[in-house]
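Have a look at the structure below before the remarks.
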Amino acid sequence: MSQSLLIVTRQAPWSGPGAREALDIALAGGAFDLPLGLLFLDDGVFQLAPGQQPASLTLKDLQANLQALPMFGVEALYVSARSLNERGLSDGALQLPVEVLDDVGLSALFERYDQVITL
Amino acid sequence: MKFAIALFSPPHAPSSRRALRFAEAVLAGGHEIVRLFLYQDAVQHASAALVLPQDETDGARQWQTFISDNQLDAVVCIAAALRRGVLNDEEAARHDKPATVQSRAWTLSGLGQLHEANQLADRLICFGGP
């Protein structure tokens, strides 16, 4: 029985390689068919925001990599309702099919996984 | 108990020192470290080209000594390392770069090694991160 892993991604896509590096852990684990979840928390929720123009900051678009998650078998995707609200983002317009969790839901989520990595 | 230890912060960060103290305590307590894994800015630990003032503690060197003394499996994420200029001979040649700066204590490999360590260990302990 494989140990399950929750990856918590807390960095905005424009704040350095952190968002991409968290995503890479998820994609690598998906390729090995491991039971994983990915939680967008704090500034990490900006990765899901619509209408981004990373080229204007000469950054590579993270969207294509994010969209690959289901193809890599990573379908357990979560976002914090509080983090969305604090940043004025609506859960209706996000770039991925994510489950929106309140604080109680978050605590239950952390309980469900064997291991957690936060980046 | 079997531990996997992942480090995300650079050698000058307090969390690097805490991670080393933790790793020492793991072995002193008779437990096992199945693998150390460096990711993000922690890949700087694997640089052999860090130079510190003589009266400062060289955290990267302390890690390298700890790994050699205890014959630990110590892996650096290759993608994170290349991005930050930590190359071994093979990668320096492949990318036509002048310098090889990777300490021999560490091995360059992929993120699969982090997942494998996680499966082999009873506990994954992470240090650093935002």
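Note on naming: chains are A, B, ... as they come in the structure tokens, residues start from 1 per chain, ligands start from 1 in the order shown.
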Interface residues on chain B facing chain A, 10 Å, only C-alpha atoms, written as a list in words: Ala6, Phe8, Tyr39, Gln40, Asp41, Ala79, Ala80, Arg83, Gly110, Leu111, Gly112, Gln113, Leu114, His115, Glu116, Asn118, Gln119, Leu120, Ala121, Asp122, Arg123, Leu124, Ile125, Cys126, Phe127, Gly128, Gly129 and Pro130 of chain B
Could those selected residues go to a file with N, CA and C atoms, as a PDB file, in the first residue's frame?
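Final output, saved to selection.pdb:
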```
ATOM      1  N   ALA B   6      13.786  15.908   3.633  1.00  0.00           N
ATOM      2  CA  ALA B   6      13.836  16.805   2.473  1.00  0.00           C
ATOM      3  C   ALA B   6      14.178  18.205   2.961  1.00  0.00           C
ATOM      4  N   PHE B   8      14.676  22.306   1.723  1.00  0.00           N
ATOM      5  CA  PHE B   8      14.304  23.248   0.661  1.00  0.00           C
ATOM      6  C   PHE B   8      15.030  24.588   0.759  1.00  0.00           C
ATOM      7  N   TYR B  39      16.065  20.111  -2.592  1.00  0.00           N
ATOM      8  CA  TYR B  39      15.214  20.688  -3.633  1.00  0.00           C
ATOM      9  C   TYR B  39      15.221  22.196  -3.457  1.00  0.00           C
ATOM     10  N   GLN B  40      14.757  22.898  -4.458  1.00  0.00           N
ATOM     11  CA  GLN B  40      14.736  24.366  -4.441  1.00  0.00           C
ATOM     12  C   GLN B  40      16.129  24.914  -4.077  1.00  0.00           C
ATOM     13  N   ASP B  41      16.160  25.989  -3.259  1.00  0.00           N
ATOM     14  CA  ASP B  41      17.458  26.621  -2.978  1.00  0.00           C
ATOM     15  C   ASP B  41      18.394  25.721  -2.153  1.00  0.00           C
ATOM     16  N   ALA B  79      16.955  19.010 -11.853  1.00  0.00           N
ATOM     17  CA  ALA B  79      16.376  20.191 -12.505  1.00  0.00           C
ATOM     18  C   ALA B  79      16.589  21.440 -11.651  1.00  0.00           C
ATOM     19  N   ALA B  80      16.374  21.290 -10.339  1.00  0.00           N
ATOM     20  CA  ALA B  80      16.571  22.424  -9.428  1.00  0.00           C
ATOM     21  C   ALA B  80      18.044  22.819  -9.373  1.00  0.00           C
ATOM     22  N   ARG B  83      19.186  24.704 -12.673  1.00  0.00           N
ATOM     23  CA  ARG B  83      18.624  26.050 -12.651  1.00  0.00           C
ATOM     24  C   ARG B  83      19.459  26.993 -11.779  1.00  0.00           C
ATOM     25  N   GLY B 110      16.584  12.609 -10.109  1.00  0.00           N
ATOM     26  CA  GLY B 110      15.289  13.246 -10.359  1.00  0.00           C
ATOM     27  C   GLY B 110      14.357  13.241  -9.158  1.00  0.00           C
ATOM     28  N   LEU B 111      13.204  13.874  -9.343  1.00  0.00           N
ATOM     29  CA  LEU B 111      12.194  13.959  -8.282  1.00  0.00           C
ATOM     30  C   LEU B 111      11.618  12.601  -7.911  1.00  0.00           C
ATOM     31  N   GLY B 112      11.754  11.630  -8.803  1.00  0.00           N
ATOM     32  CA  GLY B 112      11.297  10.277  -8.486  1.00  0.00           C
ATOM     33  C   GLY B 112      11.965   9.747  -7.226  1.00  0.00           C
ATOM     34  N   GLN B 113      13.205  10.222  -6.986  1.00  0.00           N
ATOM     35  CA  GLN B 113      13.950   9.789  -5.795  1.00  0.00           C
ATOM     36  C   GLN B 113      13.298  10.301  -4.505  1.00  0.00           C
ATOM     37  N   LEU B 114      12.662  11.460  -4.602  1.00  0.00           N
ATOM     38  CA  LEU B 114      11.939  11.989  -3.437  1.00  0.00           C
ATOM     39  C   LEU B 114      10.712  11.123  -3.156  1.00  0.00           C
ATOM     40  N   HIS B 115       9.994  10.774  -4.221  1.00  0.00           N
ATOM     41  CA  HIS B 115       8.803   9.942  -4.050  1.00  0.00           C
ATOM     42  C   HIS B 115       9.181   8.537  -3.548  1.00  0.00           C
ATOM     43  N   GLU B 116      10.271   8.006  -4.103  1.00  0.00           N
ATOM     44  CA  GLU B 116      10.691   6.676  -3.654  1.00  0.00           C
ATOM     45  C   GLU B 116      11.071   6.701  -2.172  1.00  0.00           C
ATOM     46  N   ASN B 118       9.982   8.656   0.053  1.00  0.00           N
ATOM     47  CA  ASN B 118       8.741   8.809   0.802  1.00  0.00           C
ATOM     48  C   ASN B 118       8.038   7.469   0.993  1.00  0.00           C
ATOM     49  N   GLN B 119       8.153   6.610  -0.015  1.00  0.00           N
ATOM     50  CA  GLN B 119       7.522   5.285   0.080  1.00  0.00           C
ATOM     51  C   GLN B 119       8.317   4.355   0.999  1.00  0.00           C
ATOM     52  N   LEU B 120       9.647   4.538   1.031  1.00  0.00           N
ATOM     53  CA  LEU B 120      10.497   3.655   1.833  1.00  0.00           C
ATOM     54  C   LEU B 120      10.484   4.031   3.311  1.00  0.00           C
ATOM     55  N   ALA B 121      10.155   5.302   3.585  1.00  0.00           N
ATOM     56  CA  ALA B 121      10.275   5.812   4.953  1.00  0.00           C
ATOM     57  C   ALA B 121       8.960   5.712   5.717  1.00  0.00           C
ATOM     58  N   ASP B 122       9.098   5.689   7.052  1.00  0.00           N
ATOM     59  CA  ASP B 122       7.900   5.793   7.896  1.00  0.00           C
ATOM     60  C   ASP B 122       7.463   7.247   8.014  1.00  0.00           C
ATOM     61  N   ARG B 123       8.449   8.150   7.975  1.00  0.00           N
ATOM     62  CA  ARG B 123       8.161   9.574   8.129  1.00  0.00           C
ATOM     63  C   ARG B 123       8.965  10.375   7.115  1.00  0.00           C
ATOM     64  N   LEU B 124       8.305  11.344   6.512  1.00  0.00           N
ATOM     65  CA  LEU B 124       9.011  12.324   5.684  1.00  0.00           C
ATOM     66  C   LEU B 124       9.072  13.615   6.490  1.00  0.00           C
ATOM     67  N   ILE B 125      10.276  14.120   6.723  1.00  0.00           N
ATOM     68  CA  ILE B 125      10.424  15.362   7.478  1.00  0.00           C
ATOM     69  C   ILE B 125      11.020  16.415   6.555  1.00  0.00           C
ATOM     70  N   CYS B 126      10.307  17.550   6.419  1.00  0.00           N
ATOM     71  CA  CYS B 126      10.746  18.613   5.507  1.00  0.00           C
ATOM     72  C   CYS B 126      11.254  19.815   6.301  1.00  0.00           C
ATOM     73  N   PHE B 127      12.297  20.426   5.786  1.00  0.00           N
ATOM     74  CA  PHE B 127      12.837  21.640   6.407  1.00  0.00           C
ATOM     75  C   PHE B 127      12.917  22.733   5.363  1.00  0.00           C
ATOM     76  N   GLY B 128      12.548  23.938   5.768  1.00  0.00           N
ATOM     77  CA  GLY B 128      12.602  25.077   4.858  1.00  0.00           C
ATOM     78  C   GLY B 128      11.275  25.272   4.165  1.00  0.00           C
ATOM     79  N   GLY B 129      11.307  25.900   3.018  1.00  0.00           N
ATOM     80  CA  GLY B 129      10.055  26.228   2.356  1.00  0.00           C
ATOM     81  C   GLY B 129       9.553  27.575   2.861  1.00  0.00           C
ATOM     82  N   PRO B 130       8.518  28.079   2.213  1.00  0.00           N
ATOM     83  CA  PRO B 130       8.049  29.421   2.537  1.00  0.00           C
ATOM     84  C   PRO B 130       7.316  29.459   3.874  1.00  0.00           C
TER      85      PRO B 130
END
```
Hey, what's within 9 Å of A:Arg87 if we count only C-alpha atoms and toss same-chain stuff fewer than 2 positions away? As a VMD selection string, please? chain A and resid 42 to 43 45 to 46 82 to 85 89
Those same residues, written as an mmCIF file, in the first residue's frame with N, CA, C and O atoms?
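Just written: part.cif:
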```cif
data_model
loop_
_atom_site.group_PDB
_atom_site.id
_atom_site.type_symbol
_atom_site.label_atom_id
_atom_site.label_comp_id
_atom_site.auth_asym_id
_atom_site.auth_seq_id
_atom_site.Cartn_x
_atom_site.Cartn_y
_atom_site.Cartn_z
ATOM 1 N N ASP A 42 -2.962 29.937 0.310
ATOM 2 C CA ASP A 42 -2.352 31.273 0.371
ATOM 3 C C ASP A 42 -2.123 31.817 -1.043
ATOM 4 O O ASP A 42 -2.996 31.669 -1.890
ATOM 5 N N ASP A 43 -0.951 32.399 -1.335
ATOM 6 C CA ASP A 43 -0.732 32.977 -2.665
ATOM 7 C C ASP A 43 -0.734 31.917 -3.768
ATOM 8 O O ASP A 43 -0.796 32.260 -4.956
ATOM 9 N N VAL A 45 -3.093 30.201 -4.619
ATOM 10 C CA VAL A 45 -4.371 30.236 -5.345
ATOM 11 C C VAL A 45 -4.271 31.108 -6.602
ATOM 12 O O VAL A 45 -5.059 30.950 -7.531
ATOM 13 N N PHE A 46 -3.295 32.017 -6.642
ATOM 14 C CA PHE A 46 -3.116 32.843 -7.854
ATOM 15 C C PHE A 46 -2.755 31.984 -9.070
ATOM 16 O O PHE A 46 -2.928 32.414 -10.205
ATOM 17 N N ARG A 82 -10.839 30.290 2.014
ATOM 18 C CA ARG A 82 -10.365 31.482 2.708
ATOM 19 C C ARG A 82 -9.288 32.206 1.875
ATOM 20 O O ARG A 82 -9.314 33.426 1.738
ATOM 21 N N SER A 83 -8.355 31.412 1.319
ATOM 22 C CA SER A 83 -7.291 32.029 0.515
ATOM 23 C C SER A 83 -7.868 32.730 -0.714
ATOM 24 O O SER A 83 -7.419 33.806 -1.101
ATOM 25 N N LEU A 84 -8.883 32.106 -1.333
ATOM 26 C CA LEU A 84 -9.539 32.737 -2.495
ATOM 27 C C LEU A 84 -10.198 34.049 -2.081
ATOM 28 O O LEU A 84 -10.002 35.093 -2.712
ATOM 29 N N ASN A 85 -10.969 34.003 -0.996
ATOM 30 C CA ASN A 85 -11.704 35.192 -0.535
ATOM 31 C C ASN A 85 -10.759 36.335 -0.185
ATOM 32 O O ASN A 85 -10.996 37.482 -0.553
ATOM 33 N N LEU A 89 -10.657 36.405 -5.297
ATOM 34 C CA LEU A 89 -10.861 35.494 -6.429
ATOM 35 C C LEU A 89 -12.157 34.717 -6.239
ATOM 36 O O LEU A 89 -12.476 34.287 -5.126
#
```
Report the residues of chain B whose backbone DSSP state falls under strand (DSSP E or B), written as number ranges by chain. B: 2-7, 32-38, 47, 74-77, 102, 107-109, 123-127
Name the residues in contact with B:Leu38 at a cut-off of 6 Å, using only C-alpha atoms, excluding same-chain residues fewer than 5 positions from it; report them as a PyMOL selection string. chain B and resi 6-7+43+76
Can I get the selection written as a CSV table (one decimal), in the first residue's frame, with C-alpha atoms?
```csv
chain,number,residue,atom,x,y,z
B,6,ALA,CA,13.8,16.8,2.5
B,7,LEU,CA,15.5,20.2,2.6
B,43,VAL,CA,20.6,22.5,-3.9
B,76,VAL,CA,20.0,16.6,-5.3
```
Residues near B:Ile33, cut-off 8 Å, only C-alpha atoms, skip fewer than 3 positions along chain, as a list in words: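 That gives Lys2, Phe3, Ala4, Ile5, Ala23, Val26, Leu27, Leu36 and Leu72 of chain B.
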Shell around A:Leu48 at 12 Å using only C-alpha atoms, local window under 4 positions removed, as an NGL selection string: :A and (9-13 or 19 or 39-44 or 52 or 61-67 or 77-80 or 83-84 or 87 or 89-98)
Same residues, C-alpha atoms, saved as a short mmCIF file (atom, residue, chain, number, x, y, z; two decimals), in the first residue's frame:
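Output (selection.cif):
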```cif
data_model
loop_
_atom_site.label_atom_id
_atom_site.label_comp_id
_atom_site.auth_asym_id
_atom_site.auth_seq_id
_atom_site.Cartn_x
_atom_site.Cartn_y
_atom_site.Cartn_z
CA THR A 9 1.57 24.91 -3.05
CA ARG A 10 1.69 28.39 -1.51
CA GLN A 11 3.55 30.54 -4.03
CA ALA A 12 2.14 32.82 -6.71
CA PRO A 13 3.21 31.84 -10.23
CA ALA A 19 4.97 27.26 -7.90
CA LEU A 39 -3.73 21.88 -2.37
CA PHE A 40 -3.59 25.50 -3.53
CA LEU A 41 -3.18 27.63 -0.42
CA ASP A 42 -2.35 31.27 0.37
CA ASP A 43 -0.73 32.98 -2.67
CA GLY A 44 -0.73 29.58 -4.37
CA GLN A 52 -3.07 35.89 -16.58
CA ASP A 61 3.06 30.24 -18.66
CA LEU A 62 2.39 27.73 -15.88
CA GLN A 63 -1.09 26.95 -17.21
CA ALA A 64 -0.04 24.25 -19.67
CA ASN A 65 1.73 22.38 -16.87
CA LEU A 66 -1.24 22.77 -14.54
CA GLN A 67 -3.59 21.45 -17.20
CA LEU A 77 -7.08 19.02 -6.49
CA TYR A 78 -8.12 21.35 -3.66
CA VAL A 79 -8.21 25.05 -2.96
CA SER A 80 -8.73 26.99 0.24
CA SER A 83 -7.29 32.03 0.51
CA LEU A 84 -9.54 32.74 -2.49
CA ARG A 87 -7.44 37.65 -2.60
CA LEU A 89 -10.86 35.49 -6.43
CA SER A 90 -14.13 33.78 -7.27
CA ASP A 91 -14.28 30.00 -7.27
CA GLY A 92 -16.43 30.13 -10.41
CA ALA A 93 -13.64 31.21 -12.74
CA LEU A 94 -10.70 29.04 -11.77
CA GLN A 95 -8.47 27.40 -14.37
CA LEU A 96 -8.77 23.84 -13.01
CA PRO A 97 -11.57 21.70 -11.58
CA VAL A 98 -10.68 22.04 -7.90
#
```
Looking only at alpha helix (DSSP H) from DSSP on the backbone, list the matching residues of stretch 36-75 of chain B as a PyMOL selection string. chain B and resi 59-70
Store the residues picked out above in a file with N, CA, C and O atoms, as a tab-separated table (two decimals), in the first residue's frame.
```
chain	number	residue	atom	x	y	z
B	59	GLY	N	27.88	25.62	6.70
B	59	GLY	CA	26.82	24.62	6.84
B	59	GLY	C	26.87	23.55	5.76
B	59	GLY	O	26.63	22.37	6.02
B	60	ALA	N	27.17	23.98	4.53
B	60	ALA	CA	27.22	23.01	3.43
B	60	ALA	C	28.31	21.98	3.68
B	60	ALA	O	28.12	20.78	3.46
B	61	ARG	N	29.48	22.46	4.18
B	61	ARG	CA	30.57	21.53	4.45
B	61	ARG	C	30.21	20.57	5.60
B	61	ARG	O	30.53	19.39	5.55
B	62	GLN	N	29.52	21.10	6.61
B	62	GLN	CA	29.09	20.24	7.72
B	62	GLN	C	28.18	19.12	7.21
B	62	GLN	O	28.30	17.97	7.63
B	63	TRP	N	27.27	19.47	6.31
B	63	TRP	CA	26.40	18.46	5.72
B	63	TRP	C	27.21	17.44	4.94
B	63	TRP	O	26.98	16.23	5.03
B	64	GLN	N	28.17	17.93	4.14
B	64	GLN	CA	28.98	17.01	3.33
B	64	GLN	C	29.74	16.03	4.21
B	64	GLN	O	29.81	14.82	3.93
B	65	THR	N	30.29	16.53	5.32
B	65	THR	CA	31.03	15.67	6.26
B	65	THR	C	30.09	14.65	6.90
B	65	THR	O	30.41	13.47	7.00
B	66	PHE	N	28.92	15.14	7.29
B	66	PHE	CA	27.93	14.26	7.94
B	66	PHE	C	27.52	13.12	7.00
B	66	PHE	O	27.42	11.95	7.40
B	67	ILE	N	27.33	13.46	5.73
B	67	ILE	CA	26.93	12.46	4.75
B	67	ILE	C	28.04	11.42	4.54
B	67	ILE	O	27.80	10.21	4.55
B	68	SER	N	29.28	11.92	4.37
B	68	SER	CA	30.40	11.01	4.14
B	68	SER	C	30.62	10.12	5.36
B	68	SER	O	30.79	8.90	5.23
B	69	ASP	N	30.63	10.71	6.53
B	69	ASP	CA	30.89	9.94	7.76
B	69	ASP	C	29.87	8.83	7.95
B	69	ASP	O	30.18	7.76	8.49
B	70	ASN	N	28.64	9.09	7.55
B	70	ASN	CA	27.57	8.12	7.81
B	70	ASN	C	27.12	7.36	6.55
B	70	ASN	O	26.14	6.62	6.60
```
What's the 12 Å shell around B:Val101, counting only C-alpha atoms, without same-chain residues fewer than 4 positions away, as a ChimeraX atom specification? /B:43-50,81-82,84-92,97,105-106,108
Atom CA of B:Phe37 and atom CA of A:Phe72, how far apart in Å?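 Result for atom CA of A:Phe72 versus atom CA of B:Phe37: 22.8 Å, one decimal.
Considering only C-alpha atoms, the residue among B:Arg104, B:His12, B:His95, B:Arg18 positioned nearest to B:Asp73 is B:Arg104.
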